[in-house]
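The structure file structure21.pdb is reproduced below (PDB, C-alpha atoms).
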ATOM      1  CA  MET A 253      12.769  -6.687 -12.669
ATOM      2  CA  ARG A 254      15.877  -4.531 -12.320
ATOM      3  CA  LYS A 255      16.243  -2.210  -9.343
ATOM      4  CA  GLY A 256      16.103   0.964 -11.464
ATOM      5  CA  THR A 257      13.028  -0.290 -13.274
ATOM      6  CA  ALA A 258      11.310  -1.054  -9.974
ATOM      7  CA  VAL A 259      12.038   2.428  -8.665
ATOM      8  CA  ARG A 260      10.723   3.996 -11.886
ATOM      9  CA  ALA A 261       7.646   1.776 -11.690
ATOM     10  CA  ALA A 262       6.992   2.959  -8.136
ATOM     11  CA  VAL A 263       7.366   6.598  -9.192
ATOM     12  CA  VAL A 264       5.060   6.074 -12.179
ATOM     13  CA  MET A 265       2.504   4.349  -9.921
ATOM     14  CA  ALA A 266       2.604   7.308  -7.512
ATOM     15  CA  VAL A 267       2.069   9.747 -10.394
ATOM     16  CA  VAL A 268      -0.707   7.657 -11.891
ATOM     17  CA  LEU A 269      -2.511   7.254  -8.583
ATOM     18  CA  GLY A 270      -2.281  10.986  -7.996
ATOM     19  CA  ALA A 271      -3.866  11.734 -11.375
ATOM     20  CA  ALA A 272      -7.599  12.183 -11.744
ATOM     21  CA  GLY A 273      -8.887   8.698 -11.131
ATOM     22  CA  CYS A 274     -11.048   6.509 -13.235
ATOM     23  CA  GLY A 275     -13.797   4.471 -11.707
ATOM     24  CA  THR A 276     -15.758   5.652  -8.752
ATOM     25  CA  GLY A 277     -16.120   2.414  -6.871
ATOM     26  CA  GLY A 278     -17.167   3.123  -3.345
ATOM     27  CA  GLY A 279     -14.740   2.064  -0.738
ATOM     28  CA  GLY A 280     -12.660   3.260   2.073
ATOM     29  CA  ALA A 281     -13.238   3.733   5.697
ATOM     30  CA  ASP A 282     -15.797   5.891   7.354
ATOM     31  CA  GLY A 283     -13.252   8.563   8.223
ATOM     32  CA  GLY A 284     -12.796   7.244  11.737
ATOM     33  CA  GLY A 285      -9.338   6.765  13.145
ATOM     34  CA  LYS A 286      -7.092   9.711  13.732
ATOM     35  CA  ARG A 287      -3.359  10.075  13.654
ATOM     36  CA  GLY A 288      -2.149   8.842  16.959
ATOM     37  CA  ALA A 289      -5.043   6.447  17.509
ATOM     38  CA  ALA A 290      -3.879   3.254  19.187
ATOM     39  CA  SER A 291      -4.881   0.763  16.504
ATOM     40  CA  ALA A 292      -7.503   0.032  13.937
ATOM     41  CA  ALA A 293     -10.616  -1.728  15.178
ATOM     42  CA  PRO A 294     -10.447  -5.482  14.630
ATOM     43  CA  SER A 295     -12.304  -6.645  11.556
ATOM     44  CA  ALA A 296     -15.853  -7.322  12.688
ATOM     45  CA  THR A 297     -16.802  -9.879  10.075
ATOM     46  CA  PRO A 298     -15.177 -13.126   9.068
ATOM     47  CA  ARG A 299     -13.388 -13.140   5.743
ATOM     48  CA  ALA A 300     -15.639 -13.756   2.791
ATOM     49  CA  GLU A 301     -14.622 -16.438   0.342
ATOM     50  CA  ASP A 302     -12.010 -14.818  -1.881
ATOM     51  CA  THR A 303     -13.549 -15.183  -5.330
ATOM     52  CA  GLY A 304     -14.728 -12.918  -8.120
ATOM     53  CA  PRO A 305     -13.208  -9.691  -9.303
ATOM     54  CA  VAL A 306     -11.310  -7.365  -7.012
ATOM     55  CA  THR A 307     -13.080  -4.022  -6.697
ATOM     56  CA  LYS A 308     -11.947  -0.814  -5.097
ATOM     57  CA  ALA A 309     -14.233  -1.559  -2.155
ATOM     58  CA  SER A 310     -12.935  -5.123  -1.706
ATOM     59  CA  ALA A 311      -9.306  -3.970  -2.003
ATOM     60  CA  GLN A 312      -9.933  -1.282   0.631
ATOM     61  CA  ALA A 313     -11.657  -3.839   2.857
ATOM     62  CA  ASP A 314      -8.687  -6.239   2.504
ATOM     63  CA  ILE A 315      -6.233  -3.489   3.426
ATOM     64  CA  GLU A 316      -8.281  -2.152   6.357
ATOM     65  CA  ALA A 317      -8.936  -5.633   7.764
ATOM     66  CA  ALA A 318      -5.288  -6.690   7.358
ATOM     67  CA  ALA A 319      -4.153  -3.598   9.257
ATOM     68  CA  ALA A 320      -6.755  -4.119  11.984
ATOM     69  CA  ASP A 321      -6.019  -7.824  12.387
ATOM     70  CA  ALA A 322      -2.283  -7.068  12.595
ATOM     71  CA  GLY A 323      -2.868  -4.463  15.308
ATOM     72  CA  ALA A 324      -1.619  -1.584  13.149
ATOM     73  CA  PRO A 325      -2.696   2.016  13.817
ATOM     74  CA  ALA A 326      -5.994   3.263  12.404
ATOM     75  CA  ASN A 327      -6.002   4.586   8.841
ATOM     76  CA  TYR A 328      -5.213   8.286   8.624
ATOM     77  CA  PRO A 329      -8.507   9.989   7.596
ATOM     78  CA  ASP A 330      -6.928  12.207   4.912
ATOM     79  CA  VAL A 331      -5.726   9.093   3.077
ATOM     80  CA  VAL A 332      -9.249   7.721   2.794
ATOM     81  CA  GLU A 333     -10.487  11.072   1.515
ATOM     82  CA  MET A 334      -7.728  11.329  -1.126
ATOM     83  CA  ALA A 335      -8.280   7.782  -2.377
ATOM     84  CA  ALA A 336     -12.031   8.346  -2.742
ATOM     85  CA  THR A 337     -11.561  10.212  -6.041
ATOM     86  CA  ARG A 338      -8.793   8.044  -7.450
ATOM     87  CA  CYS A 339      -8.581   4.502  -8.765
ATOM     88  CA  ASP A 340      -6.787   3.134  -5.731
ATOM     89  CA  ALA A 341      -7.444   1.897  -2.245
ATOM     90  CA  ALA A 342      -5.125   3.219   0.438
ATOM     91  CA  TYR A 343      -4.016   2.992   4.054
ATOM     92  CA  ARG A 344      -1.471   4.943   6.062
ATOM     93  CA  GLY A 345      -0.886   4.113   9.706
ATOM     94  CA  TYR A 346       1.404   6.327  11.770
ATOM     95  CA  GLY A 347       3.046   5.319  15.005
ATOM     96  CA  THR A 348       3.045   7.648  17.999
ATOM     97  CA  GLU A 349       5.626   8.498  20.646
ATOM     98  CA  ASP A 350       3.790   6.131  22.987
ATOM     99  CA  GLU A 351       3.271   3.344  20.434
ATOM    100  CA  LYS A 352       5.847   3.271  17.662
ATOM    101  CA  VAL A 353       5.180   1.218  14.530
ATOM    102  CA  GLY A 354       7.983  -1.274  13.977
ATOM    103  CA  LEU A 355       9.044  -3.688  11.256
ATOM    104  CA  GLU A 356       7.302  -6.564  13.058
ATOM    105  CA  ARG A 357       3.926  -4.788  12.798
ATOM    106  CA  TYR A 358       4.543  -4.166   9.068
ATOM    107  CA  GLU A 359       5.366  -7.862   8.567
ATOM    108  CA  ALA A 360       2.141  -8.764  10.394
ATOM    109  CA  VAL A 361       0.146  -6.537   7.987
ATOM    110  CA  VAL A 362       1.910  -8.145   5.010
ATOM    111  CA  GLY A 363       1.117 -11.603   6.415
ATOM    112  CA  GLU A 364      -2.553 -10.671   6.747
ATOM    113  CA  LEU A 365      -2.598  -9.423   3.144
ATOM    114  CA  ARG A 366      -1.158 -12.761   1.974
ATOM    115  CA  GLU A 367      -3.901 -14.556   3.899
ATOM    116  CA  ARG A 368      -6.381 -12.475   1.911
ATOM    117  CA  GLY A 369      -4.978 -13.744  -1.392
ATOM    118  CA  TRP A 370      -2.450 -11.021  -2.271
ATOM    119  CA  GLN A 371       0.459 -12.785  -3.970
ATOM    120  CA  PRO A 372       4.032 -11.465  -3.594
ATOM    121  CA  SER A 373       5.401 -10.187  -6.909
ATOM    122  CA  PHE A 374       8.487  -8.121  -6.067
ATOM    123  CA  GLU A 375      10.463  -6.896  -3.090
ATOM    124  CA  ALA A 376      12.766  -3.899  -3.287
ATOM    125  CA  PRO A 377      16.011  -4.244  -1.339
ATOM    126  CA  GLY A 378      15.502  -2.902   2.174
ATOM    127  CA  ARG A 379      17.430   0.140   3.299
ATOM    128  CA  LYS A 380      19.409   0.051   6.515
ATOM    129  CA  ASP A 381      21.038   2.764   8.551
ATOM    130  CA  GLU A 382      24.729   2.804   9.504
ATOM    131  CA  ASN A 383      23.943   0.490  12.456
ATOM    132  CA  GLY A 384      22.296  -2.097  10.214
ATOM    133  CA  THR A 385      18.765  -1.306  11.411
ATOM    134  CA  VAL A 386      16.150  -1.611   8.687
ATOM    135  CA  GLN A 387      14.738   1.824   7.868
ATOM    136  CA  ILE A 388      12.670   1.201   4.709
ATOM    137  CA  VAL A 389      11.049  -1.942   3.282
ATOM    138  CA  HIS A 390       8.899  -2.020   0.150
ATOM    139  CA  LYS A 391       7.022  -5.071  -1.140
ATOM    140  CA  TYR A 392       4.644  -5.511  -4.065
ATOM    141  CA  PHE A 393       1.738  -7.940  -4.434
ATOM    142  CA  THR A 394      -0.850  -8.782  -7.080
ATOM    143  CA  LYS A 395      -4.392 -10.082  -6.997
ATOM    144  CA  ARG A 396      -6.627 -10.546 -10.053
ATOM    145  CA  GLY A 397      -5.649  -7.441 -12.008
ATOM    146  CA  TRP A 398      -4.675  -5.281  -9.052
ATOM    147  CA  THR A 399      -1.211  -4.322  -7.802
ATOM    148  CA  LEU A 400      -0.604  -3.582  -4.131
ATOM    149  CA  SER A 401       2.369  -1.735  -2.691
ATOM    150  CA  ALA A 402       3.212  -2.099   1.016
ATOM    151  CA  GLU A 403       5.911   0.076   2.543
ATOM    152  CA  PHE A 404       7.430   0.449   6.000
ATOM    153  CA  GLN A 405       9.421   3.500   7.125
ATOM    154  CA  ALA A 406      11.111   3.382  10.514
ATOM    155  CA  PHE A 407      11.850   7.107  10.749
ATOM    156  CA  GLU A 408      10.530   8.971  13.789
ATOM    157  CA  THR A 409       7.571   6.930  15.134
ATOM    158  CA  GLY A 410       7.195   4.579  12.150
ATOM    159  CA  LEU A 411       4.812   4.425   9.224
ATOM    160  CA  ILE A 412       3.052   1.645   7.341
ATOM    161  CA  SER A 413       1.685   2.666   3.956
ATOM    162  CA  VAL A 414      -0.354   0.397   1.690
ATOM    163  CA  SER A 415      -1.985   1.206  -1.626
ATOM    164  CA  ALA A 416      -3.604  -0.966  -4.259
ATOM    165  CA  ALA A 417      -4.549   0.021  -7.792
ATOM    166  CA  ASP A 418      -6.546  -1.542 -10.583
ATOM    167  CA  LYS A 419      -4.144  -2.211 -13.480
ATOM    168  CA  ALA A 420      -6.835  -1.432 -16.073
ATOM    169  CA  CYS A 421      -7.401   1.992 -14.523
ATOM    170  CA  THR A 422      -3.713   2.837 -14.207
ATOM    171  CA  ASP A 423      -3.117   1.657 -17.786
ATOM    172  CA  GLU A 424      -5.904   3.968 -18.984
ATOM    173  CA  ILE A 425      -4.384   6.925 -17.144
ATOM    174  CA  ARG A 426      -0.909   6.015 -18.389
ATOM    175  CA  SER A 427      -2.208   6.077 -21.977
ATOM    176  CA  ARG A 428      -3.855   9.472 -21.409
ATOM    177  CA  ILE A 429      -0.663  11.031 -20.089
ATOM    178  CA  GLN A 430       1.505   9.006 -22.496
ATOM    179  CA  ILE A 431       3.864   7.282 -20.069
ATOM    180  CA  PRO A 432       5.585   4.383 -21.850
ATOM    181  CA  GLU A 433       4.993   0.918 -20.374
ATOM    182  CA  GLY A 434       8.661   0.535 -19.410
ATOM    183  CA  GLY A 435       8.856   3.846 -17.556
ATOM    184  CA  THR A 436       9.969   7.313 -18.446
ATOM    185  CA  ASP A 437      13.374   6.331 -19.840
ATOM    186  CA  GLY A 438      12.110   3.396 -21.937
ATOM    187  CA  GLN A 439      13.720   0.639 -19.843
TER     188      GLN A 439
END
Could you express the structure from this file as structure tokens?
Amino acid sequence: MRKGTAVRAAVVMAVVLGAAGCGTGGGGADGGGKRGAASAAPSATPRAEDTGPVTKASAQADIEAAAADAGAPANYPDVVEMAATRCDAAYRGYGTEDEKVGLERYEAVVGELRERGWQPSFEAPGRKDENGTVQIVHKYFTKRGWTLSAEFQAFETGLISVSAADKACTDEIRSRIQIPEGGTDGQ
């Protein structure tokens, strides 16, 4: 996949996920966890055998457990609320002045997602500042008809953002709003 195509795909995915969602699969967190919370609670149950279809609830559970097991901050409550009406599962963990979120924490979350069966599919070139410090990393994964995007932003206190969407749902929305498969410029 070319760099420009990947960027367009990410923009299209953001637009699609922001559109009125299809499917109302329950999922998400209970609204606990506030910005600035130290870290997500460790996953309380052992991982279930990873078989069967991925659902919104199972994708959200994978993301939440991966973040918790990696020691990432708790999911921002507004993210859970927004995802509830869309066809995606989502997580956004913000660092604080006292506990910044660094690249190593992001890599730990990504490692936990791989352990849960999410297969790497594409990695956008990381962005570095003038000192060579990584500022933005964006990786994509797939799992049985779902696409997951995991992003790290080093700015200020750090941010880890993860979202996963059902390809069938995003394809349906894409057809409704008539976005070509290759992106907005046909590539």
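By chain and then residue number, the residues within 12 Å of region 381-385 of chain A are Gly354, Leu355, Gln405, Ala406 and Phe407 of chain A, counting all atoms listed in the file and disregarding those fewer than 6 positions away in sequence.
For the set A:Ser373, A:Ser310, A:Thr409, A:Gln430, the residue with the smallest atom-to-atom gap to Thr348 (chain A) is A:Thr409, counting only C-alpha atoms.
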**OP:** Can you pull out every residue within 10 Å of region 388-404 of chain A, counting all atoms listed in the file, but drop anything in the same chain fewer than 2 positions away, and send it as number ranges by chain?
**Re:** A: 258, 262, 265, 303-308, 311, 315, 340-345, 353-359, 361-362, 365-366, 368-381, 385-386, 406-407, 410-422
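For the pair CA of Tyr346 (chain A) and CA of Pro325 (chain A), the interatomic distance is 6.3 Å.
Here CA of Ala313 (chain A) is placed at a distance of 25.8 Å from CA of Arg426 (chain A).
With CA of Gly347 (chain A) on one side and CA of Asn327 (chain A) on the other, the separation reads 11.0 Å.
In terms of minimum interatomic distance to Ala319 (chain A), A:Ala360 ranks closest within A:Glu333, A:Lys352, A:Ala360, A:Ser427, counting all atoms listed in the file.
Here the question is which of A:Val331, A:Cys339, A:Ala317, A:Gly323 gets nearest to Asp423 (chain A) using only C-alpha atoms, and that residue is A:Cys339.
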Six-sided padding of 4 Å per side, axis-aligned box over region 313-331 of chain A, centre and edges in Å, one decimal, as JSON:
{"center_x": -6.6, "center_y": 2.2, "center_z": 8.9, "size_x": 18.0, "size_y": 28.0, "size_z": 20.8}
